[in-house]
Amino acid sequence: MKNRIVSSVLFIFVGALLILFPLYILPVCPLPDAQAIPATTMAGDGHMHSTPGKIMKCFWTARAEIGIGSLVIAIGALVLFSRSLFVRMGLSMALACTAVLAAAIPTILIGVCGNEMMRCNMGAKPALILLAIVLVIAAISNVLYLNKQVNKQIR
């Protein structure tokens with residue numbers, strides 16, 4: 001019971017941080033101001049075409065991390081309400097895989113701004129990677145702990 005509460009609270013907390021870091025704690029680049037973006041432009045063919053403003057990659061990274069963080073919170077809640085050791089072990093394995101995805105989004109899959117001096121490179125990216133590492137360690141530790149508990153029950 002104690003492991004179930006501690007691990008699920010930790011998972012939910014890290015999931016909330018995955019959401020909060022790129023949005024509020026160490027925010028990434030915002031959407032471009034709608035007033036600064038021309039709504040339409042005249043193309044060479046004489047037709048009007050809309051030209052959206054340049055949305056930075058870090059904006060999409062933040063949006064993807066919202067989804068990952070929400071998934072981590074949901075799995076953490078499932079760990080809290082699950083009584084089966086095997087189910088909790090499987091959920092912890094899924095969290096370890098999700099944490100790898102959370103680290104891959106700002107590094108490999110989407111990335112952040114190309115400028116090394118931007119706040120997304122200096123703040124949000126390292127924070128998201130660190131949170132993903134913490135989540136991997138917590139999830140694998142929980143799997144190992146639950147495996148020991150299963151082995152105790154079998155003996």
# chains A, B, ... in the order shown; residues from 1 in each chain; ligands from 1
call {"tool": "residues_around", "arguments": {"residues": "Arg119 (chain A)", "least_positions_apart": "6", "cutoff": "8 Å", "atoms": "only C-alpha atoms", "output": "NGL selection string"}}
result
:A and (26-29)
call {"tool": "closest_atom_pairs", "arguments": {"of": "region 90-121 of chain A", "to": "region 136-155 of chain A", "cutoff": "12 Å", "atoms": "only C-alpha atoms", "output": "Markdown table"}}
result
| residue | atom | partner | partner_atom | distance |
| --- | --- | --- | --- | --- |
| A:Gly90 | CA | A:Val143 | CA | 7.9 |
| A:Leu91 | CA | A:Ala139 | CA | 8.7 |
| A:Ser92 | CA | A:Ala139 | CA | 5.0 |
| A:Met93 | CA | A:Ala139 | CA | 6.6 |
| A:Ala94 | CA | A:Ala139 | CA | 8.5 |
| A:Leu95 | CA | A:Ala139 | CA | 6.1 |
| A:Ala96 | CA | A:Val136 | CA | 4.7 |
| A:Cys97 | CA | A:Val136 | CA | 7.8 |
| A:Thr98 | CA | A:Val136 | CA | 8.4 |
| A:Ala99 | CA | A:Val136 | CA | 5.7 |
| A:Val100 | CA | A:Val136 | CA | 7.3 |
| A:Leu101 | CA | A:Val136 | CA | 10.4 |
| A:Ala102 | CA | A:Val136 | CA | 10.0 |
| A:Ala103 | CA | A:Val136 | CA | 9.9 |
call {"tool": "select_by_dssp", "arguments": {"residues": "region 9-144 of chain A", "states": "strand (DSSP E)", "output": "list in words"}}
result
Thr40, Thr41, Met42, Met48, His49 and Ser50 of chain A
call {"tool": "atom_distance", "arguments": {"atom1": "CA of Ser82 (chain A)", "atom2": "CA of Leu128 (chain A)"}}
result
27.7 Å
call {"tool": "residues_around", "arguments": {"residues": "region 3-6 of chain A", "least_positions_apart": "2", "cutoff": "9 Å", "atoms": "only C-alpha atoms", "output": "PyMOL selection string"}}
result
chain A and resi 1+8-11+79-83+88+142+145-146
call {"tool": "atom_distance", "arguments": {"atom1": "CA of Lys57 (chain A)", "atom2": "CA of Ala16 (chain A)"}}
result
21.5 Å
call {"tool": "closest_residue", "arguments": {"among": "A:Lys125, A:Gly67, A:Glu116, A:Ala132", "to": "Pro22 (chain A)", "atoms": "only C-alpha atoms"}}
result
A:Lys125
call {"tool": "select_by_dssp", "arguments": {"residues": "region 53-148 of chain A", "states": "helix (DSSP H, G or I)", "output": "VMD selection string"}}
result
chain A and resid 57 to 81 85 to 109 119 to 148
